[in-house]
$ cat run.csv   # CSV, C-alpha atoms and all ligand atoms
chain,number,residue,atom,x,y,z
A,1461,MET,CA,-30.6,21.5,-16.7
A,1462,LEU,CA,-28.7,19.4,-19.3
A,1463,THR,CA,-29.9,20.4,-22.7
A,1464,GLN,CA,-27.1,19.2,-24.9
A,1465,PRO,CA,-26.8,15.5,-25.9
A,1466,VAL,CA,-24.0,13.9,-23.9
A,1467,PRO,CA,-20.9,13.2,-26.1
A,1468,TYR,CA,-20.7,9.5,-26.3
A,1469,SER,CA,-18.7,7.0,-28.3
A,1470,ALA,CA,-20.5,3.6,-28.8
A,1471,PRO,CA,-18.7,0.6,-27.4
A,1472,PRO,CA,-17.9,-2.3,-29.8
A,1473,SER,CA,-20.8,-4.5,-30.6
A,1474,SER,CA,-19.4,-7.6,-28.8
A,1475,ARG,CA,-19.1,-5.6,-25.6
A,1476,VAL,CA,-22.7,-4.4,-26.1
A,1477,SER,CA,-24.0,-7.9,-26.5
A,1478,GLU,CA,-22.1,-9.2,-23.4
A,1479,PHE,CA,-23.4,-6.2,-21.4
A,1480,ALA,CA,-27.0,-6.8,-22.7
A,1481,ALA,CA,-26.8,-10.6,-21.9
A,1482,GLU,CA,-25.6,-9.9,-18.3
A,1483,VAL,CA,-28.2,-7.3,-17.8
A,1484,ARG,CA,-31.0,-9.6,-19.0
A,1485,ASP,CA,-29.8,-12.4,-16.8
A,1486,ALA,CA,-29.6,-10.3,-13.7
A,1487,LEU,CA,-32.9,-8.5,-14.2
A,1488,THR,CA,-34.8,-11.7,-14.8
A,1489,ARG,CA,-33.3,-13.9,-12.1
A,1490,PRO,CA,-36.2,-15.3,-9.9
A,1491,GLY,CA,-36.8,-13.2,-6.8
A,1492,GLN,CA,-34.7,-10.1,-6.3
A,1493,ARG,CA,-33.9,-8.2,-9.5
A,1494,GLU,CA,-30.3,-7.2,-9.8
A,1495,LEU,CA,-27.8,-5.4,-12.1
A,1496,PRO,CA,-24.1,-6.3,-12.1
A,1497,SER,CA,-22.1,-3.7,-10.1
A,1498,LYS,CA,-19.2,-3.7,-12.5
A,1499,TYR,CA,-21.3,-1.7,-14.9
A,1500,LEU,CA,-21.4,1.2,-12.5
A,1501,TYR,CA,-18.1,2.3,-13.9
A,1502,ASP,CA,-18.5,3.9,-17.3
A,1503,ALA,CA,-16.8,7.4,-17.7
A,1504,VAL,CA,-19.6,9.1,-15.8
A,1505,GLY,CA,-19.7,6.4,-13.1
A,1506,SER,CA,-15.9,6.5,-12.7
A,1507,ALA,CA,-15.9,10.3,-12.3
A,1508,LEU,CA,-18.8,10.1,-9.8
A,1509,PHE,CA,-16.8,7.4,-7.8
A,1510,GLU,CA,-13.8,9.7,-7.7
A,1511,THR,CA,-16.1,12.4,-6.3
A,1512,ILE,CA,-17.5,9.9,-3.7
A,1513,CYS,CA,-13.9,9.4,-2.6
A,1514,LEU,CA,-13.7,13.1,-1.7
A,1515,LEU,CA,-16.8,13.2,0.4
A,1516,PRO,CA,-16.4,13.7,4.1
A,1517,GLU,CA,-18.9,10.9,4.7
A,1518,TYR,CA,-16.9,8.3,2.7
A,1519,GLY,CA,-13.9,7.6,4.8
A,1520,LEU,CA,-12.6,4.5,3.0
A,1521,SER,CA,-10.3,6.1,0.4
A,1522,ARG,CA,-8.7,8.5,2.8
A,1523,ALA,CA,-8.1,5.7,5.3
A,1524,GLY,CA,-6.4,3.6,2.7
A,1525,THR,CA,-4.2,6.5,1.6
A,1526,ARG,CA,-3.3,7.4,5.2
A,1527,LEU,CA,-2.2,3.8,5.8
A,1528,ILE,CA,-0.1,3.7,2.7
A,1529,ASN,CA,1.3,7.1,3.5
A,1530,THR,CA,2.4,6.0,6.9
A,1531,HIS,CA,3.5,2.4,6.1
A,1532,ALA,CA,4.8,2.5,2.5
A,1533,ARG,CA,8.4,2.0,3.6
A,1534,SER,CA,7.5,-1.0,5.9
A,1535,ILE,CA,5.4,-2.6,3.1
A,1536,VAL,CA,8.2,-2.2,0.6
A,1537,ALA,CA,10.9,-3.3,3.0
A,1538,GLN,CA,9.3,-6.8,3.1
A,1539,MET,CA,9.4,-7.2,-0.7
A,1540,PRO,CA,12.0,-9.3,-2.6
A,1541,ALA,CA,13.8,-7.8,-5.6
A,1542,PRO,CA,13.5,-7.7,-8.6
A,1543,LEU,CA,9.8,-6.9,-8.2
A,1544,HIS,CA,7.0,-5.7,-10.5
A,1545,VAL,CA,3.7,-4.3,-9.4
A,1546,ALA,CA,0.3,-5.2,-10.8
A,1547,GLU,CA,-2.8,-3.4,-9.6
A,1548,LEU,CA,-6.4,-4.8,-9.8
A,1549,GLY,CA,-8.8,-1.9,-10.5
A,1550,SER,CA,-6.3,0.9,-10.3
A,1551,GLY,CA,-8.8,3.7,-10.3
A,1552,SER,CA,-7.0,7.0,-10.7
A,1553,GLY,CA,-3.7,5.5,-9.2
A,1554,LYS,CA,-3.2,8.2,-6.5
A,1555,LYS,CA,-2.6,5.7,-3.6
A,1556,THR,CA,-0.3,3.7,-5.8
A,1557,ARG,CA,2.1,6.6,-6.3
A,1558,LEU,CA,3.4,6.3,-2.8
A,1559,ILE,CA,4.2,2.6,-3.1
A,1560,LEU,CA,5.8,3.0,-6.5
A,1561,GLN,CA,7.9,5.9,-5.3
A,1562,ALA,CA,9.1,3.8,-2.3
A,1563,LEU,CA,9.9,0.8,-4.6
A,1564,ALA,CA,11.6,2.9,-7.3
A,1565,THR,CA,14.3,4.0,-4.9
A,1566,ARG,CA,15.6,0.4,-5.1
A,1567,SER,CA,15.5,-0.3,-8.8
A,1568,HIS,CA,13.5,0.3,-12.1
A,1569,LEU,CA,10.2,-1.4,-12.1
A,1570,TYR,CA,7.2,-2.1,-14.2
A,1571,TYR,CA,3.7,-1.1,-13.0
A,1572,TYR,CA,0.7,-2.9,-14.6
A,1573,PRO,CA,-2.7,-1.3,-13.9
A,1574,ILE,CA,-5.5,-3.6,-14.8
A,1575,GLU,CA,-8.8,-1.9,-15.4
A,1576,ILE,CA,-12.0,-2.5,-17.4
A,1577,SER,CA,-12.8,1.2,-17.3
A,1578,PRO,CA,-10.8,3.0,-20.1
A,1579,ALA,CA,-11.4,6.4,-18.5
A,1580,ALA,CA,-9.9,5.2,-15.2
A,1581,LEU,CA,-7.0,3.5,-17.0
A,1582,GLU,CA,-6.3,6.7,-18.9
A,1583,ALA,CA,-6.4,8.8,-15.7
A,1584,CYS,CA,-4.1,6.3,-14.0
A,1585,GLU,CA,-1.6,6.3,-16.8
A,1586,LYS,CA,-1.6,10.1,-16.7
A,1587,GLU,CA,-1.1,10.2,-12.9
A,1588,LEU,CA,1.7,7.6,-12.8
A,1589,GLY,CA,3.3,7.7,-16.2
A,1590,GLN,CA,5.7,10.5,-15.2
A,1591,LEU,CA,7.4,8.7,-12.3
A,1592,ASP,CA,11.1,8.2,-12.6
A,1593,MET,CA,12.3,4.6,-12.8
A,1594,VAL,CA,8.7,3.3,-13.4
A,1595,SER,CA,7.4,2.0,-16.7
A,1596,VAL,CA,3.6,1.9,-16.8
A,1597,VAL,CA,1.9,-0.7,-19.0
A,1598,GLY,CA,-1.9,-0.7,-18.7
A,1599,TYR,CA,-4.2,-3.6,-19.4
A,1600,GLU,CA,-7.8,-2.9,-20.3
A,1601,LYS,CA,-9.0,-6.3,-19.2
A,1602,PRO,CA,-11.0,-8.0,-16.4
A,1603,TYR,CA,-8.8,-8.6,-13.3
A,1604,LEU,CA,-7.9,-12.2,-13.7
A,1605,GLU,CA,-7.3,-12.0,-17.5
A,1606,GLY,CA,-5.1,-9.0,-17.0
A,1607,LEU,CA,-3.2,-10.6,-14.2
A,1608,ARG,CA,-2.6,-13.8,-16.3
A,1609,ALA,CA,-1.2,-11.5,-19.0
A,1610,VAL,CA,1.1,-9.7,-16.6
A,1611,ALA,CA,2.3,-13.0,-15.1
A,1612,ALA,CA,3.1,-14.3,-18.6
A,1613,ARG,CA,5.5,-11.4,-19.1
A,1614,ARG,CA,7.7,-12.0,-16.2
A,1615,VAL,CA,11.1,-13.7,-16.5
A,1616,GLU,CA,12.7,-16.2,-14.1
A,1617,GLY,CA,13.5,-14.8,-10.7
A,1618,GLU,CA,11.2,-11.7,-10.9
A,1619,HIS,CA,8.5,-11.3,-8.3
A,1620,LEU,CA,5.1,-9.8,-8.4
A,1621,LEU,CA,3.3,-7.5,-5.9
A,1622,VAL,CA,-0.4,-7.4,-6.6
A,1623,LEU,CA,-2.3,-4.4,-5.2
A,1624,PHE,CA,-6.0,-4.6,-4.5
A,1625,LEU,CA,-6.3,-1.4,-2.6
A,1626,GLY,CA,-9.8,0.1,-2.8
A,1627,SER,CA,-11.5,-2.6,-0.7
A,1628,THR,CA,-13.1,-3.8,-3.9
A,1629,ILE,CA,-12.9,-7.3,-2.5
A,1630,GLY,CA,-15.9,-6.2,-0.4
A,1631,ASN,CA,-18.0,-5.9,-3.6
A,1632,PHE,CA,-17.8,-9.7,-4.1
A,1633,ASP,CA,-20.1,-12.0,-2.2
A,1634,ARG,CA,-18.0,-13.8,0.5
A,1635,PRO,CA,-17.8,-17.2,-1.3
A,1636,ALA,CA,-17.1,-15.4,-4.6
A,1637,ALA,CA,-14.3,-13.4,-2.9
A,1638,ASP,CA,-12.7,-16.7,-1.7
A,1639,ASP,CA,-13.0,-18.1,-5.2
A,1640,PHE,CA,-11.5,-15.0,-6.7
A,1641,LEU,CA,-8.6,-14.9,-4.3
A,1642,ARG,CA,-7.9,-18.6,-5.0
A,1643,GLU,CA,-7.7,-17.8,-8.7
A,1644,VAL,CA,-5.3,-14.9,-7.9
A,1645,ARG,CA,-3.2,-17.3,-5.9
A,1646,ALA,CA,-3.1,-19.8,-8.7
A,1647,ILE,CA,-1.5,-17.2,-11.0
A,1648,LEU,CA,1.1,-16.3,-8.4
A,1649,GLN,CA,4.4,-18.0,-7.4
A,1650,PRO,CA,6.2,-18.4,-4.0
A,1651,GLY,CA,7.7,-15.1,-3.0
A,1652,ASP,CA,4.9,-13.1,-4.6
A,1653,SER,CA,2.5,-11.0,-2.5
A,1654,LEU,CA,-0.9,-9.4,-2.4
A,1655,LEU,CA,-1.7,-6.1,-0.6
A,1656,LEU,CA,-5.4,-6.4,0.1
A,1657,ALA,CA,-7.6,-3.6,1.5
A,1658,THR,CA,-10.6,-4.4,3.6
A,1659,ASP,CA,-13.1,-2.0,5.0
A,1660,LEU,CA,-14.0,-3.0,8.6
A,1661,VAL,CA,-17.3,-3.2,10.4
A,1662,LYS,CA,-18.1,0.0,12.2
A,1663,ASP,CA,-21.1,2.0,13.6
A,1664,VAL,CA,-24.1,1.3,11.3
A,1665,ALA,CA,-25.1,5.0,11.0
A,1666,ILE,CA,-21.6,6.0,9.9
A,1667,GLN,CA,-21.6,3.1,7.3
A,1668,LEU,CA,-25.0,4.1,6.0
A,1669,LEU,CA,-24.0,7.8,5.6
A,1670,ALA,CA,-20.9,6.7,3.6
A,1671,TYR,CA,-23.3,5.1,1.0
A,1672,ASP,CA,-26.1,7.6,1.2
A,1673,ASP,CA,-24.4,11.0,1.4
A,1674,PRO,CA,-26.6,14.1,1.9
A,1675,ALA,CA,-25.2,15.8,-1.3
A,1676,GLY,CA,-26.6,12.9,-3.3
A,1677,VAL,CA,-23.3,11.9,-5.1
A,1678,THR,CA,-23.7,8.2,-4.3
A,1679,ALA,CA,-27.4,8.4,-5.4
A,1680,ALA,CA,-26.2,9.9,-8.8
A,1681,PHE,CA,-23.5,7.1,-9.0
A,1682,ASN,CA,-26.2,4.5,-8.5
A,1683,LEU,CA,-28.8,6.1,-10.8
A,1684,ASN,CA,-26.2,6.5,-13.5
A,1685,LEU,CA,-26.3,2.7,-14.0
A,1686,LEU,CA,-29.9,3.2,-15.4
A,1687,ALA,CA,-28.7,6.2,-17.4
A,1688,ARG,CA,-26.0,3.9,-18.9
A,1689,LEU,CA,-28.6,1.3,-19.8
A,1690,ASN,CA,-30.5,4.1,-21.6
A,1691,ARG,CA,-27.3,5.3,-23.4
A,1692,GLU,CA,-25.8,2.0,-24.4
A,1693,LEU,CA,-28.7,-0.4,-24.6
A,1694,GLY,CA,-31.4,2.0,-25.8
A,1695,ALA,CA,-33.5,1.5,-22.6
A,1696,ASN,CA,-36.1,3.9,-21.5
A,1697,PHE,CA,-35.6,4.1,-17.7
A,1698,ASP,CA,-37.1,7.4,-16.3
A,1699,LEU,CA,-34.4,8.2,-13.7
A,1700,ARG,CA,-36.9,10.4,-11.8
A,1701,ALA,CA,-39.1,7.3,-11.2
A,1702,PHE,CA,-36.3,5.7,-9.1
A,1703,ARG,CA,-34.8,6.5,-5.7
A,1704,HIS,CA,-31.3,5.5,-4.4
A,1705,GLN,CA,-31.4,3.3,-1.3
A,1706,ALA,CA,-28.5,2.1,0.9
A,1707,LEU,CA,-29.3,-0.5,3.6
A,1708,TRP,CA,-27.3,-2.4,6.2
A,1709,ASN,CA,-27.7,-6.2,6.0
A,1710,ALA,CA,-26.6,-7.2,9.5
A,1711,GLU,CA,-26.6,-10.9,8.8
A,1712,GLU,CA,-24.3,-10.7,5.8
A,1713,ARG,CA,-22.4,-7.7,7.3
A,1714,ARG,CA,-22.7,-5.6,4.1
A,1715,ILE,CA,-24.1,-2.4,2.8
A,1716,GLU,CA,-26.5,-3.0,-0.1
A,1717,MET,CA,-27.3,-0.4,-2.7
A,1718,HIS,CA,-30.7,-0.6,-4.4
A,1719,LEU,CA,-32.7,1.4,-6.8
A,1720,VAL,CA,-36.3,1.7,-5.6
A,1721,SER,CA,-39.1,2.0,-8.2
A,1722,LEU,CA,-41.3,5.0,-7.1
A,1723,LYS,CA,-44.3,3.7,-9.1
A,1724,ARG,CA,-45.7,0.8,-11.0
A,1725,GLN,CA,-43.9,1.0,-14.4
A,1726,ARG,CA,-42.8,-0.8,-17.5
A,1727,VAL,CA,-39.3,-0.4,-19.0
A,1728,GLU,CA,-38.0,-1.6,-22.3
A,1729,ILE,CA,-34.4,-2.5,-23.0
A,1730,PRO,CA,-34.2,-3.1,-26.7
A,1731,ALA,CA,-30.6,-4.3,-27.0
A,1732,ALA,CA,-31.4,-7.0,-24.4
A,1733,HIS,CA,-34.6,-7.8,-26.1
A,1734,MET,CA,-36.6,-7.4,-23.0
A,1735,LYS,CA,-39.4,-5.5,-21.2
A,1736,ILE,CA,-39.8,-5.5,-17.5
A,1737,SER,CA,-42.7,-4.5,-15.2
A,1738,LEU,CA,-41.7,-3.1,-11.8
A,1739,GLU,CA,-44.1,-2.7,-8.9
A,1740,LYS,CA,-44.1,0.5,-6.8
A,1741,GLY,CA,-41.5,-0.1,-4.0
A,1742,GLU,CA,-39.8,-3.0,-5.9
A,1743,THR,CA,-36.0,-2.7,-5.9
A,1744,ILE,CA,-33.2,-3.5,-8.2
A,1745,TRP,CA,-30.1,-4.5,-6.2
A,1746,THR,CA,-27.0,-2.9,-7.8
A,1747,GLU,CA,-24.1,-3.4,-5.3
A,1748,SER,CA,-22.9,-5.0,-2.1
A,1749,SER,CA,-20.1,-3.7,0.0
A,1750,HIS,CA,-19.0,-6.3,2.6
A,1751,LYS,CA,-17.4,-5.2,5.8
A,1752,TYR,CA,-15.0,-7.4,7.8
A,1753,PHE,CA,-13.8,-8.0,11.3
A,1754,PRO,CA,-10.0,-7.4,11.7
A,1755,GLU,CA,-9.3,-11.1,12.1
A,1756,GLU,CA,-11.2,-12.1,9.0
A,1757,PRO,CA,-8.4,-11.3,6.5
A,1758,PHE,CA,-6.1,-13.8,8.3
A,1759,ALA,CA,-8.6,-16.6,8.0
A,1760,MET,CA,-9.4,-15.6,4.3
A,1761,ALA,CA,-5.6,-15.8,3.5
A,1762,GLU,CA,-5.4,-19.2,5.0
A,1763,ARG,CA,-8.4,-20.5,3.1
A,1764,THR,CA,-7.2,-19.2,-0.2
A,1765,GLY,CA,-3.5,-20.3,-0.1
A,1766,PHE,CA,-1.8,-17.2,1.3
A,1767,ARG,CA,-0.4,-16.2,4.6
A,1768,CYS,CA,-1.3,-12.8,6.1
A,1769,VAL,CA,2.1,-11.5,7.4
A,1770,ALA,CA,1.1,-8.0,8.4
A,1771,GLN,CA,-2.0,-5.9,8.9
A,1772,TRP,CA,-2.3,-2.1,9.4
A,1773,ILE,CA,-5.5,-0.5,10.7
A,1774,ASP,CA,-6.3,3.1,10.4
A,1775,GLU,CA,-7.0,5.0,13.6
A,1776,GLU,CA,-9.7,7.3,12.3
A,1777,TRP,CA,-11.7,5.1,10.0
A,1778,PRO,CA,-11.7,1.3,10.8
A,1779,PHE,CA,-10.1,0.0,7.6
A,1780,ALA,CA,-7.2,-2.5,7.1
A,1781,GLN,CA,-4.4,-3.0,4.6
A,1782,ASN,CA,-3.4,-6.6,4.8
A,1783,LEU,CA,-0.1,-8.0,3.4
A,1784,TRP,CA,-0.4,-11.6,2.1
A,1785,LEU,CA,2.5,-13.7,1.1
A,1786,VAL,CA,2.7,-16.8,-1.1
A,1787,ASP,CA,4.9,-19.3,0.7
A,1801,LIG,C1,-15.2,0.4,-5.3
A,1801,LIG,N1,-15.9,0.0,-4.0
A,1801,LIG,C2,-14.9,-0.4,-3.0
A,1801,LIG,C3,-16.8,1.1,-3.5
A,1801,LIG,C4,-17.4,0.5,-2.2
A,1801,LIG,O1,-17.3,1.3,-1.2
A,1801,LIG,O2,-18.0,-0.5,-2.1
A,1801,LIG,C5,-17.9,1.4,-4.5
A,1801,LIG,C6,-18.9,2.4,-3.9
A,1801,LIG,N2,-20.2,2.2,-3.9
A,1801,LIG,C7,-20.8,3.2,-3.3
A,1801,LIG,N3,-19.9,4.0,-2.9
A,1801,LIG,C8,-18.7,3.5,-3.3
$ encode --input "run.csv" --output "structure tokens" --more "lines below"
Ligand code: AVI
Amino acid sequence: MLTQPVPYSAPPSSRVSEFAAEVRDALTRPGQRELPSKYLYDAVGSALFETICLLPEYGLSRAGTRLINTHARSIVAQMPAPLHVAELGSGSGKKTRLILQALATRSHLYYYPIEISPAALEACEKELGQLDMVSVVGYEKPYLEGLRAVAARRVEGEHLLVLFLGSTIGNFDRPAADDFLREVRAILQPGDSLLLATDLVKDVAIQLLAYDDPAGVTAAFNLNLLARLNRELGANFDLRAFRHQALWNAEERRIEMHLVSLKRQRVEIPAAHMKISLEKGETIWTESSHKYFPEEPFAMAERTGFRCVAQWIDEEWPFAQNLWLVD
């Protein structure tokens, strides 16, 4: 049992008030209560996510790494030079190493990881900061803001390869994913490219196990969001009064994570100036992970101003890396 207080450094007050406002908004929306999934990734959440990636039931990360391991050279061979690499949501940066190493055999390059989680950014800088011929410049910013800052640094004739590797696009609703990709496109120039990972539709039981593992790591990852509200917003969620739930929404082709209230309860969130009452069985929806058919990334590319020039699919875990080009 944890008896020591968790060491914790308070975030700046502007960040607290933005967090509080978004939490308030999502929890009081008419109908289904929600919490924004981006807040799953504080230091504890990021560490739990890294652990999820090691679970035998969660095949996504290994599939992504296998694809890059096998195809890094073909991916890199299609890239113009000089080229710099920006990564949206770098995580720990392990997959990226293979691509950077393949690119660095050609010439020196800059690598710009863009992350809102300082813990993940630090881990990534540690993992990749030692590579020969690669300079790492991290941006602790939201994706688009970070990408605009990266694009502003480039000089005439330099190209950008944007990596979006973890299938995080699946965490956006489909229309929001298109909007986001159009915004990425608007920042890029002809000759730039995007390597986009998408997890593919597969057997429902396998998908559910990936998001509800028997060791309970994903449950801890989900419940940590409430713990974070307690730590940072002074809330009084009793974590034992909630249960993790993963469900498959067949119509939307997505896994949804929810937190189910195990009893009728009232919770106070002082920094958001709110109290909520939850019924027994009521859920808070915390994340969606959309799954795709292999042909969808081609249509998505077309809709959002790119052209999908190559797709690699893993043989063990249906998962695709898609290479999109700006013409
Ligand atoms: C980061 N993202 C792609 C993960 C996913 O699979 O949607 C987050 C995650 N949620 C539960 N397990 C992993």
$ residues_near_ligand --input "run.csv" --ligand "ligand LIG 1801 (chain A)" --cutoff "7 Å" --atoms "only C-alpha atoms and all ligand atoms" --output "list of chain:residue names"
A:Phe1509, A:Ile1512, A:Gly1626, A:Ser1627, A:Thr1628, A:Gly1630, A:Asn1631, A:Tyr1671, A:Thr1678, A:Glu1747, A:Ser1748, A:Ser1749
$ closest_residue --input "run.csv" --among "A:Pro1496, A:Gln1705, A:Trp1784, A:Asp1673" --to "A:Thr1511" --atoms "only C-alpha atoms"
A:Asp1673
$ atom_distance --input "run.csv" --atom1 "atom CA of A:Thr1658" --atom2 "atom CA of A:Thr1764"
15.7 Å
$ residues_around --input "run.csv" --residues "A:Glu1716" --least-positions-apart "4" --cutoff "12 Å" --atoms "all atoms listed in the file" --output "PyMOL selection string"
chain A and resi 1494+1497+1630-1633+1667-1668+1670-1672+1682+1704-1712+1743-1751
$ closest_residue --input "run.csv" --among "A:Ala1770, A:Leu1660, A:Leu1621, A:Ala1562" --to "A:Pro1754" --atoms "only C-alpha atoms"
A:Leu1660
$ residues_near_point --input "run.csv" --point "(-35.3, -11.0, -18.1)" --cutoff "9 Å" --atoms "all atoms listed in the file" --output "PyMOL selection string"
chain A and resi 1483-1489+1732-1736
$ residues_around --input "run.csv" --residues "stretch 1683-1690 of chain A" --least-positions-apart "3" --cutoff "7 Å" --atoms "only C-alpha atoms" --output "list in words"
Tyr1499, Leu1500, Gly1505, Ala1679, Ala1680, Leu1693, Gly1694, Ala1695, Asn1696, Phe1697, Leu1699 and His1704 of chain A
$ residues_around --input "run.csv" --residues "stretch 1646-1650 of chain A" --least-positions-apart "6" --cutoff "10 Å" --atoms "only C-alpha atoms" --output "short mmCIF file (atom, residue, chain, number, x, y, z; two decimals) with C-alpha atoms, keeping the file's coordinate frame"
data_model
loop_
_atom_site.label_atom_id
_atom_site.label_comp_id
_atom_site.auth_asym_id
_atom_site.auth_seq_id
_atom_site.Cartn_x
_atom_site.Cartn_y
_atom_site.Cartn_z
CA LEU A 1604 -7.90 -12.20 -13.70
CA LEU A 1607 -3.20 -10.60 -14.20
CA ARG A 1608 -2.60 -13.80 -16.30
CA ALA A 1609 -1.20 -11.50 -19.00
CA VAL A 1610 1.10 -9.70 -16.60
CA ALA A 1611 2.30 -13.00 -15.10
CA ALA A 1612 3.10 -14.30 -18.60
CA GLU A 1618 11.20 -11.70 -10.90
CA HIS A 1619 8.50 -11.30 -8.30
CA LEU A 1620 5.10 -9.80 -8.40
CA LEU A 1621 3.30 -7.50 -5.90
CA VAL A 1622 -0.40 -7.40 -6.60
CA PHE A 1640 -11.50 -15.00 -6.70
CA THR A 1764 -7.20 -19.20 -0.20
CA GLY A 1765 -3.50 -20.30 -0.10
CA PHE A 1766 -1.80 -17.20 1.30
CA LEU A 1785 2.50 -13.70 1.10
CA VAL A 1786 2.70 -16.80 -1.10
CA ASP A 1787 4.90 -19.30 0.70
#
$ atom_distance --input "run.csv" --atom1 "atom CA of A:Ile1535" --atom2 "atom CA of A:Asn1782"
9.8 Å
$ residues_around --input "run.csv" --residues "stretch 1538-1551 of chain A" --least-positions-apart "3" --cutoff "7 Å" --atoms "all atoms listed in the file" --output "compact mmCIF listing (two decimals) with C-alpha atoms, in the frame of the given file"
# COMPACT_ATOMS: atom_id res chain seq x y z
CA SER A 1534 7.50 -1.00 5.90
CA ILE A 1535 5.40 -2.60 3.10
CA LEU A 1569 10.20 -1.40 -12.10
CA TYR A 1570 7.20 -2.10 -14.20
CA TYR A 1571 3.70 -1.10 -13.00
CA TYR A 1572 0.70 -2.90 -14.60
CA PRO A 1573 -2.70 -1.30 -13.90
CA ILE A 1574 -5.50 -3.60 -14.80
CA GLU A 1575 -8.80 -1.90 -15.40
CA ALA A 1580 -9.90 5.20 -15.20
CA LEU A 1581 -7.00 3.50 -17.00
CA CYS A 1584 -4.10 6.30 -14.00
CA TYR A 1603 -8.80 -8.60 -13.30
CA GLU A 1618 11.20 -11.70 -10.90
CA HIS A 1619 8.50 -11.30 -8.30
CA LEU A 1620 5.10 -9.80 -8.40
CA LEU A 1621 3.30 -7.50 -5.90
CA VAL A 1622 -0.40 -7.40 -6.60
CA LEU A 1623 -2.30 -4.40 -5.20
CA PHE A 1624 -6.00 -4.60 -4.50
$ closest_residue --input "run.csv" --among "A:Glu1517, A:Asp1698, A:Glu1585, A:Glu1762" --to "A:Lys1554" --atoms "all atoms listed in the file"
A:Glu1585
$ closest_residue --input "run.csv" --among "A:Pro1516, A:Gly1676, A:Gly1524, A:Gly1741" --to "A:Leu1656" --atoms "only C-alpha atoms"
A:Gly1524
$ atom_distance --input "run.csv" --atom1 "atom CA of A:Trp1772" --atom2 "atom CA of A:Val1596"
27.2 Å
$ residues_around --input "run.csv" --residues "A:Val1536" --least-positions-apart "5" --cutoff "9 Å" --atoms "all atoms listed in the file" --output "list in words"
His1531, Ile1559, Ala1562 and Leu1563 of chain A
$ residues_near_point --input "run.csv" --point "(-27.1, -6.7, -27.1)" --cutoff "9 Å" --atoms "only C-alpha atoms" --output "PyMOL selection string"
chain A and resi 1473-1481+1693+1730-1733
$ closest_residue --input "run.csv" --among "A:Glu1692, A:Glu1510, A:Arg1713, A:Ala1637" --to "A:Asp1663" --atoms "all atoms listed in the file"
A:Arg1713
